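Read through the structure below, which is laid out as structure tokens, and then see the notes.
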Amino acid sequence: MPVLRLPTHDHLAYIDTGPADGPPLLLIHGFTGTATGDLGGLIAEFTPRHRVLAPDLRGYGQSRPPNRDFPPDFYQRDAADMAALLDAVRPGPVVVLGFSDGAEVSLLLAAARPDLVRGVVAWGVSGVISPEELTGVANWLPVSAWGPERDKWKRQIITRHGAEQFPAMVEGWVAAARAIAAAGGNICYEQAAGITCPVLLLNGDGEEGNTPRDVRLLAARIPGARLEFVPNCGHGIHRDRPDVLLARIRAFLAEHY
């Protein structure tokens, strides 16, 4: 993977694949994910026609050292990293496909740098840290008490990011979520009114932390945004209903490229 040296002297490893002159896409993974771990199916799907950029966010996967940390402004930091990547690689305005934390980052990027973003498809998103989210993630702690029901997630974190990042990654995210909530809860909701590109928001009808209430408020704040709730689906639409997600992305790209 190519590596971009960031202004902070950290580095960002990223996939850059597909035809160099193809319509560019930026894919942003979610919490405890990597580019290929979360979005490998989409990378493979769109590479034949599109130039696909897909980073491991700083501290994740191959974008180490240093290991991942979670200051309260980590969403804004990740958005700045994505802008630095696009400024360095210069693919032209991209359509951003973002999942979960990557969905929030995609909207922050679109608000901050409209020159870089042609459109956004975001799923597993709400724009805020809700009380419901805090209640849910509180059940992750203490990590030392995790039982067999979380063995798969634990193994995944260790495989992708190294044993030293478990449990620090989980504990760090929860601490950041609590700090964001204490400051009012905003992730990208306040910035969303400044988004000028087309936006499609997709959430599973089984989402819990990203409540229908909050994502509806977020959609209403983004001029012209479309919102769809995908039936029989939880947080990871790309896992639960990949057929629906792919169809919606293809339709969005056909409309905006």
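All residue names refer to the structure tokens as shown: chains lettered A, B, ... in order, residues numbered from 1 in each chain, ligands numbered from 1 in order.
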
**Q.** Ile129 in chain A surroundings by only C-alpha atoms, 8 Å radius, close-in-sequence under 6 positions cut, as a ChimeraX atom specification
**A.** /A:177,180-181,185-187

Using C-alpha atoms, can you write the selected residues to a file as a PDB file, in the first residue's frame?
ATOM      1  CA  ALA A 177     -17.849   9.027  23.105  1.00  0.00           C
ATOM      2  CA  ILE A 180     -18.274  14.116  23.020  1.00  0.00           C
ATOM      3  CA  ALA A 181     -21.615  13.527  24.771  1.00  0.00           C
ATOM      4  CA  GLY A 185     -23.050  15.208  21.580  1.00  0.00           C
ATOM      5  CA  ASN A 186     -22.203  16.723  18.214  1.00  0.00           C
ATOM      6  CA  ILE A 187     -20.156  14.715  15.729  1.00  0.00           C
TER       7      ILE A 187
END

Name the residues in contact with range 240-257 of chain A at a cut-off of 12 Å, using only C-alpha atoms, excluding same-chain residues fewer than 4 positions from it; report them as a PDB file with N, CA and C atoms, in the first residue's frame.
ATOM      1  N   GLY A  22     -10.407   6.824 -14.046  1.00  0.00           N
ATOM      2  CA  GLY A  22     -11.780   6.445 -13.731  1.00  0.00           C
ATOM      3  C   GLY A  22     -12.420   7.408 -12.751  1.00  0.00           C
ATOM      4  N   PRO A  23     -13.743   7.469 -12.710  1.00  0.00           N
ATOM      5  CA  PRO A  23     -14.419   8.331 -11.731  1.00  0.00           C
ATOM      6  C   PRO A  23     -13.977   7.945 -10.319  1.00  0.00           C
ATOM      7  N   PRO A  24     -13.442   8.884  -9.541  1.00  0.00           N
ATOM      8  CA  PRO A  24     -12.806   8.501  -8.280  1.00  0.00           C
ATOM      9  C   PRO A  24     -13.792   8.304  -7.131  1.00  0.00           C
ATOM     10  N   LEU A  25     -13.466   7.304  -6.313  1.00  0.00           N
ATOM     11  CA  LEU A  25     -14.202   7.009  -5.093  1.00  0.00           C
ATOM     12  C   LEU A  25     -13.227   7.012  -3.919  1.00  0.00           C
ATOM     13  N   LEU A  27     -13.266   5.433  -0.071  1.00  0.00           N
ATOM     14  CA  LEU A  27     -13.983   4.539   0.834  1.00  0.00           C
ATOM     15  C   LEU A  27     -13.376   4.664   2.225  1.00  0.00           C
ATOM     16  N   ASP A  38     -13.442  -4.035   6.277  1.00  0.00           N
ATOM     17  CA  ASP A  38     -14.823  -3.566   6.225  1.00  0.00           C
ATOM     18  C   ASP A  38     -15.359  -3.507   4.798  1.00  0.00           C
ATOM     19  N   LEU A  39     -14.530  -3.058   3.862  1.00  0.00           N
ATOM     20  CA  LEU A  39     -15.043  -2.625   2.565  1.00  0.00           C
ATOM     21  C   LEU A  39     -14.398  -3.344   1.395  1.00  0.00           C
ATOM     22  N   GLY A  40     -13.775  -4.498   1.662  1.00  0.00           N
ATOM     23  CA  GLY A  40     -13.107  -5.225   0.593  1.00  0.00           C
ATOM     24  C   GLY A  40     -14.031  -5.602  -0.556  1.00  0.00           C
ATOM     25  N   GLY A  41     -15.274  -5.955  -0.241  1.00  0.00           N
ATOM     26  CA  GLY A  41     -16.218  -6.311  -1.296  1.00  0.00           C
ATOM     27  C   GLY A  41     -16.534  -5.139  -2.203  1.00  0.00           C
ATOM     28  N   LEU A  42     -16.676  -3.957  -1.627  1.00  0.00           N
ATOM     29  CA  LEU A  42     -16.955  -2.769  -2.431  1.00  0.00           C
ATOM     30  C   LEU A  42     -15.728  -2.354  -3.237  1.00  0.00           C
ATOM     31  N   ILE A  43     -14.539  -2.491  -2.659  1.00  0.00           N
ATOM     32  CA  ILE A  43     -13.320  -2.186  -3.403  1.00  0.00           C
ATOM     33  C   ILE A  43     -13.246  -3.052  -4.654  1.00  0.00           C
ATOM     34  N   ALA A  44     -13.482  -4.342  -4.488  1.00  0.00           N
ATOM     35  CA  ALA A  44     -13.435  -5.259  -5.628  1.00  0.00           C
ATOM     36  C   ALA A  44     -14.523  -4.939  -6.644  1.00  0.00           C
ATOM     37  N   GLU A  45     -15.686  -4.573  -6.165  1.00  0.00           N
ATOM     38  CA  GLU A  45     -16.816  -4.291  -7.058  1.00  0.00           C
ATOM     39  C   GLU A  45     -16.551  -3.091  -7.946  1.00  0.00           C
ATOM     40  N   PHE A  46     -15.960  -2.047  -7.395  1.00  0.00           N
ATOM     41  CA  PHE A  46     -15.855  -0.793  -8.139  1.00  0.00           C
ATOM     42  C   PHE A  46     -14.509  -0.580  -8.820  1.00  0.00           C
ATOM     43  N   ARG A  49     -14.032  -0.109 -12.922  1.00  0.00           N
ATOM     44  CA  ARG A  49     -14.417   1.120 -13.621  1.00  0.00           C
ATOM     45  C   ARG A  49     -13.936   2.374 -12.915  1.00  0.00           C
ATOM     46  N   HIS A  50     -13.784   2.340 -11.605  1.00  0.00           N
ATOM     47  CA  HIS A  50     -13.494   3.530 -10.813  1.00  0.00           C
ATOM     48  C   HIS A  50     -12.061   3.509 -10.286  1.00  0.00           C
ATOM     49  N   PRO A  93     -12.594  15.704  -7.638  1.00  0.00           N
ATOM     50  CA  PRO A  93     -13.666  15.523  -6.650  1.00  0.00           C
ATOM     51  C   PRO A  93     -14.169  14.076  -6.623  1.00  0.00           C
ATOM     52  N   VAL A  94     -14.303  13.534  -5.419  1.00  0.00           N
ATOM     53  CA  VAL A  94     -14.641  12.124  -5.232  1.00  0.00           C
ATOM     54  C   VAL A  94     -16.060  11.963  -4.724  1.00  0.00           C
ATOM     55  N   VAL A  95     -16.638  10.814  -4.991  1.00  0.00           N
ATOM     56  CA  VAL A  95     -17.792  10.356  -4.236  1.00  0.00           C
ATOM     57  C   VAL A  95     -17.252   9.534  -3.073  1.00  0.00           C
ATOM     58  N   VAL A  96     -17.694   9.865  -1.866  1.00  0.00           N
ATOM     59  CA  VAL A  96     -17.210   9.200  -0.670  1.00  0.00           C
ATOM     60  C   VAL A  96     -18.243   8.163  -0.224  1.00  0.00           C
ATOM     61  N   LEU A  97     -17.759   6.958   0.032  1.00  0.00           N
ATOM     62  CA  LEU A  97     -18.583   5.892   0.597  1.00  0.00           C
ATOM     63  C   LEU A  97     -18.067   5.638   2.000  1.00  0.00           C
ATOM     64  N   GLY A  98     -18.872   5.928   3.025  1.00  0.00           N
ATOM     65  CA  GLY A  98     -18.406   5.836   4.399  1.00  0.00           C
ATOM     66  C   GLY A  98     -19.331   5.013   5.265  1.00  0.00           C
ATOM     67  N   PHE A  99     -18.721   4.174   6.098  1.00  0.00           N
ATOM     68  CA  PHE A  99     -19.469   3.306   7.016  1.00  0.00           C
ATOM     69  C   PHE A  99     -19.170   3.683   8.452  1.00  0.00           C
ATOM     70  N   VAL A 117     -15.233  16.974  -2.703  1.00  0.00           N
ATOM     71  CA  VAL A 117     -16.273  15.954  -2.591  1.00  0.00           C
ATOM     72  C   VAL A 117     -17.411  16.232  -3.558  1.00  0.00           C
ATOM     73  N   ARG A 118     -17.685  15.250  -4.413  1.00  0.00           N
ATOM     74  CA  ARG A 118     -18.772  15.334  -5.384  1.00  0.00           C
ATOM     75  C   ARG A 118     -20.090  14.826  -4.797  1.00  0.00           C
ATOM     76  N   GLY A 119     -20.000  13.871  -3.872  1.00  0.00           N
ATOM     77  CA  GLY A 119     -21.192  13.294  -3.272  1.00  0.00           C
ATOM     78  C   GLY A 119     -20.797  12.350  -2.162  1.00  0.00           C
ATOM     79  N   VAL A 120     -21.778  11.967  -1.332  1.00  0.00           N
ATOM     80  CA  VAL A 120     -21.533  11.090  -0.187  1.00  0.00           C
ATOM     81  C   VAL A 120     -22.645  10.049  -0.092  1.00  0.00           C
ATOM     82  N   VAL A 121     -22.254   8.796   0.079  1.00  0.00           N
ATOM     83  CA  VAL A 121     -23.166   7.740   0.517  1.00  0.00           C
ATOM     84  C   VAL A 121     -22.660   7.276   1.880  1.00  0.00           C
ATOM     85  N   ALA A 122     -23.477   7.457   2.909  1.00  0.00           N
ATOM     86  CA  ALA A 122     -23.061   7.176   4.286  1.00  0.00           C
ATOM     87  C   ALA A 122     -24.064   6.228   4.924  1.00  0.00           C
ATOM     88  N   TRP A 123     -23.558   5.177   5.578  1.00  0.00           N
ATOM     89  CA  TRP A 123     -24.469   4.249   6.267  1.00  0.00           C
ATOM     90  C   TRP A 123     -23.927   3.927   7.658  1.00  0.00           C
ATOM     91  N   GLY A 124     -24.891   3.683   8.578  1.00  0.00           N
ATOM     92  CA  GLY A 124     -24.536   3.490   9.977  1.00  0.00           C
ATOM     93  C   GLY A 124     -24.138   4.811  10.611  1.00  0.00           C
ATOM     94  N   CYS A 197     -23.012  19.127  -1.496  1.00  0.00           N
ATOM     95  CA  CYS A 197     -23.062  18.061  -2.492  1.00  0.00           C
ATOM     96  C   CYS A 197     -24.233  17.125  -2.212  1.00  0.00           C
ATOM     97  N   PRO A 198     -24.600  16.297  -3.184  1.00  0.00           N
ATOM     98  CA  PRO A 198     -25.651  15.305  -2.942  1.00  0.00           C
ATOM     99  C   PRO A 198     -25.236  14.300  -1.865  1.00  0.00           C
ATOM    100  N   VAL A 199     -26.204  13.911  -1.026  1.00  0.00           N
ATOM    101  CA  VAL A 199     -25.941  12.981   0.074  1.00  0.00           C
ATOM    102  C   VAL A 199     -27.059  11.958   0.150  1.00  0.00           C
ATOM    103  N   LEU A 200     -26.666  10.698   0.267  1.00  0.00           N
ATOM    104  CA  LEU A 200     -27.602   9.604   0.531  1.00  0.00           C
ATOM    105  C   LEU A 200     -27.225   8.970   1.863  1.00  0.00           C
ATOM    106  N   LEU A 201     -28.165   8.958   2.797  1.00  0.00           N
ATOM    107  CA  LEU A 201     -27.978   8.334   4.100  1.00  0.00           C
ATOM    108  C   LEU A 201     -28.776   7.034   4.133  1.00  0.00           C
ATOM    109  N   LEU A 202     -28.117   5.958   4.562  1.00  0.00           N
ATOM    110  CA  LEU A 202     -28.751   4.648   4.654  1.00  0.00           C
ATOM    111  C   LEU A 202     -28.497   4.086   6.049  1.00  0.00           C
ATOM    112  N   ASN A 203     -29.557   3.740   6.766  1.00  0.00           N
ATOM    113  CA  ASN A 203     -29.415   3.073   8.063  1.00  0.00           C
ATOM    114  C   ASN A 203     -30.282   1.833   8.090  1.00  0.00           C
ATOM    115  N   GLY A 204     -29.802   0.804   8.772  1.00  0.00           N
ATOM    116  CA  GLY A 204     -30.618  -0.382   8.949  1.00  0.00           C
ATOM    117  C   GLY A 204     -31.778  -0.111   9.891  1.00  0.00           C
ATOM    118  N   ASP A 205     -32.907  -0.777   9.656  1.00  0.00           N
ATOM    119  CA  ASP A 205     -34.062  -0.570  10.534  1.00  0.00           C
ATOM    120  C   ASP A 205     -33.852  -1.200  11.906  1.00  0.00           C
ATOM    121  N   GLY A 206     -32.752  -1.962  12.058  1.00  0.00           N
ATOM    122  CA  GLY A 206     -32.425  -2.540  13.349  1.00  0.00           C
ATOM    123  C   GLY A 206     -31.348  -1.787  14.113  1.00  0.00           C
ATOM    124  N   GLU A 207     -30.957  -0.619  13.620  1.00  0.00           N
ATOM    125  CA  GLU A 207     -29.969   0.203  14.327  1.00  0.00           C
ATOM    126  C   GLU A 207     -30.470   0.531  15.740  1.00  0.00           C
ATOM    127  N   ALA A 225     -30.646  16.179   1.121  1.00  0.00           N
ATOM    128  CA  ALA A 225     -30.239  14.804   1.437  1.00  0.00           C
ATOM    129  C   ALA A 225     -31.408  13.847   1.332  1.00  0.00           C
ATOM    130  N   ARG A 226     -31.099  12.610   0.937  1.00  0.00           N
ATOM    131  CA  ARG A 226     -32.088  11.544   0.918  1.00  0.00           C
ATOM    132  C   ARG A 226     -31.745  10.547   2.017  1.00  0.00           C
ATOM    133  N   LEU A 227     -32.773  10.023   2.675  1.00  0.00           N
ATOM    134  CA  LEU A 227     -32.610   9.062   3.763  1.00  0.00           C
ATOM    135  C   LEU A 227     -33.465   7.844   3.485  1.00  0.00           C
ATOM    136  N   GLU A 228     -32.869   6.667   3.682  1.00  0.00           N
ATOM    137  CA  GLU A 228     -33.609   5.417   3.524  1.00  0.00           C
ATOM    138  C   GLU A 228     -33.264   4.486   4.676  1.00  0.00           C
ATOM    139  N   PHE A 229     -34.280   3.845   5.223  1.00  0.00           N
ATOM    140  CA  PHE A 229     -34.078   2.805   6.221  1.00  0.00           C
ATOM    141  C   PHE A 229     -34.168   1.449   5.512  1.00  0.00           C
ATOM    142  N   VAL A 230     -33.111   0.662   5.644  1.00  0.00           N
ATOM    143  CA  VAL A 230     -33.033  -0.635   4.959  1.00  0.00           C
ATOM    144  C   VAL A 230     -33.642  -1.696   5.866  1.00  0.00           C
ATOM    145  N   PRO A 231     -34.657  -2.431   5.390  1.00  0.00           N
ATOM    146  CA  PRO A 231     -35.320  -3.418   6.250  1.00  0.00           C
ATOM    147  C   PRO A 231     -34.454  -4.645   6.507  1.00  0.00           C
ATOM    148  N   ASN A 232     -34.753  -5.296   7.631  1.00  0.00           N
ATOM    149  CA  ASN A 232     -34.084  -6.552   8.008  1.00  0.00           C
ATOM    150  C   ASN A 232     -32.570  -6.386   8.055  1.00  0.00           C
ATOM    151  N   CYS A 233     -32.161  -5.316   8.717  1.00  0.00           N
ATOM    152  CA  CYS A 233     -30.751  -4.956   8.663  1.00  0.00           C
ATOM    153  C   CYS A 233     -30.342  -4.249   9.939  1.00  0.00           C
ATOM    154  N   GLY A 234     -29.093  -4.484  10.378  1.00  0.00           N
ATOM    155  CA  GLY A 234     -28.543  -3.780  11.517  1.00  0.00           C
ATOM    156  C   GLY A 234     -27.582  -2.691  11.088  1.00  0.00           C
ATOM    157  N   HIS A 235     -26.517  -2.529  11.883  1.00  0.00           N
ATOM    158  CA  HIS A 235     -25.571  -1.439  11.651  1.00  0.00           C
ATOM    159  C   HIS A 235     -24.780  -1.615  10.361  1.00  0.00           C
ATOM    160  N   GLY A 236     -24.341  -2.838  10.083  1.00  0.00           N
ATOM    161  CA  GLY A 236     -23.478  -3.082   8.933  1.00  0.00           C
ATOM    162  C   GLY A 236     -24.260  -3.499   7.706  1.00  0.00           C
TER     163      GLY A 236
END

Give me the residues near Asp16 in chain A as a tab-separated table (two decimals) with N, CA and C atoms, in the first residue's frame, where near means some atom within 10 Å (using only C-alpha atoms) and where sequence neighbours in that chain fewer than 2 positions away do not count.
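Generated output (part-v2.tsv):
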chain	number	residue	atom	x	y	z
A	1	MET	N	0.85	-1.19	0.00
A	1	MET	CA	0.00	0.00	0.00
A	1	MET	C	0.88	1.25	0.00
A	2	PRO	N	0.55	2.25	-0.83
A	2	PRO	CA	1.27	3.52	-0.72
A	2	PRO	C	1.07	4.12	0.67
A	13	ALA	N	-1.59	4.69	5.33
A	13	ALA	CA	-1.49	3.70	4.27
A	13	ALA	C	-2.83	3.61	3.56
A	14	TYR	N	-2.79	3.50	2.23
A	14	TYR	CA	-4.04	3.51	1.48
A	14	TYR	C	-3.92	2.66	0.23
A	18	GLY	N	-7.59	0.57	-9.59
A	18	GLY	CA	-8.52	0.90	-10.65
A	18	GLY	C	-7.89	1.84	-11.66
A	19	PRO	N	-8.61	2.13	-12.74
A	19	PRO	CA	-8.06	3.00	-13.77
A	19	PRO	C	-7.79	4.41	-13.24
A	20	ALA	N	-6.62	4.94	-13.55
A	20	ALA	CA	-6.22	6.26	-13.03
A	20	ALA	C	-7.16	7.35	-13.47
A	24	PRO	N	-13.44	8.88	-9.54
A	24	PRO	CA	-12.81	8.50	-8.28
A	24	PRO	C	-13.79	8.30	-7.13
A	25	LEU	N	-13.47	7.30	-6.31
A	25	LEU	CA	-14.20	7.01	-5.09
A	25	LEU	C	-13.23	7.01	-3.92
A	26	LEU	N	-13.70	7.49	-2.77
A	26	LEU	CA	-12.97	7.38	-1.52
A	26	LEU	C	-13.82	6.55	-0.57
A	43	ILE	N	-14.54	-2.49	-2.66
A	43	ILE	CA	-13.32	-2.19	-3.40
A	43	ILE	C	-13.25	-3.05	-4.65
A	47	THR	N	-13.52	-1.41	-8.51
A	47	THR	CA	-12.20	-1.23	-9.11
A	47	THR	C	-12.19	-1.33	-10.64
A	51	ARG	N	-11.50	4.70	-10.12
A	51	ARG	CA	-10.29	4.81	-9.31
A	51	ARG	C	-10.72	4.78	-7.85
A	52	VAL	N	-10.26	3.80	-7.12
A	52	VAL	CA	-10.71	3.58	-5.75
A	52	VAL	C	-9.56	3.90	-4.79
A	53	LEU	N	-9.81	4.85	-3.90
A	53	LEU	CA	-8.90	5.18	-2.81
A	53	LEU	C	-9.53	4.67	-1.52
A	54	ALA	N	-8.77	3.89	-0.75
A	54	ALA	CA	-9.33	3.29	0.46
A	54	ALA	C	-8.24	3.21	1.52
A	55	PRO	N	-8.18	4.18	2.43
A	55	PRO	CA	-7.14	4.18	3.46
A	55	PRO	C	-7.51	3.32	4.66
A	89	VAL	N	-3.00	13.23	-3.46
A	89	VAL	CA	-3.16	12.32	-4.58
A	89	VAL	C	-3.82	12.99	-5.78

Q: Can you work out the spacing between CA of Phe31 in chain A and CA of Gly102 in chain A in Å, to one decimal?
A: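 Straight-line distance from CA of Phe31 in chain A to CA of Gly102 in chain A works out to 7.8 Å.
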
Q: From the DSSP assignment of the backbone, select every residue of range 180-230 of chain A that is helix (DSSP H, G or I), and format the answer as a ChimeraX atom specification.
A: /A:180-182,189-192,212-221

Same residues, C-alpha atoms, output as a PDB file, in the first residue's frame:
ATOM      1  CA  ILE A 180     -18.274  14.116  23.020  1.00  0.00           C
ATOM      2  CA  ALA A 181     -21.615  13.527  24.771  1.00  0.00           C
ATOM      3  CA  ALA A 182     -20.545  15.691  27.717  1.00  0.00           C
ATOM      4  CA  TYR A 189     -24.741  17.411  12.922  1.00  0.00           C
ATOM      5  CA  GLU A 190     -23.775  21.031  13.473  1.00  0.00           C
ATOM      6  CA  GLN A 191     -21.552  21.088  10.386  1.00  0.00           C
ATOM      7  CA  ALA A 192     -24.051  19.256   8.174  1.00  0.00           C
ATOM      8  CA  PRO A 212     -34.110   6.892  13.645  1.00  0.00           C
ATOM      9  CA  ARG A 213     -34.776  10.147  15.503  1.00  0.00           C
ATOM     10  CA  ASP A 214     -31.221  11.357  15.151  1.00  0.00           C
ATOM     11  CA  VAL A 215     -30.609  10.312  11.567  1.00  0.00           C
ATOM     12  CA  ARG A 216     -33.863  11.988  10.504  1.00  0.00           C
ATOM     13  CA  LEU A 217     -32.691  15.196  12.163  1.00  0.00           C
ATOM     14  CA  LEU A 218     -29.344  14.847  10.401  1.00  0.00           C
ATOM     15  CA  ALA A 219     -30.966  14.289   7.002  1.00  0.00           C
ATOM     16  CA  ALA A 220     -33.214  17.319   7.512  1.00  0.00           C
ATOM     17  CA  ARG A 221     -30.156  19.462   8.212  1.00  0.00           C
TER      18      ARG A 221
END

Q. Could you pull the residues within 6 Å of range 72-86 of chain A, counting only C-alpha atoms, minus those fewer than 6 positions along the same chain, as a list in words?
A. Val105, Leu109, Ala176 and Ile180 of chain A

Q. When you draw a straight line from CA of Ala183 in chain A to CA of Val128 in chain A, how long is it in Å?
A.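 Separating CA of Ala183 in chain A from CA of Val128 in chain A is a distance of 11.0 Å.
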
**Q.** Given only C-alpha atoms as the counted atoms, nearest of A:Pro148, A:Gly127, A:Pro223, A:Gly61 to Ala163 in chain A
**A.**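 Distance minimum relative to Ala163 in chain A lands on A:Gly61.
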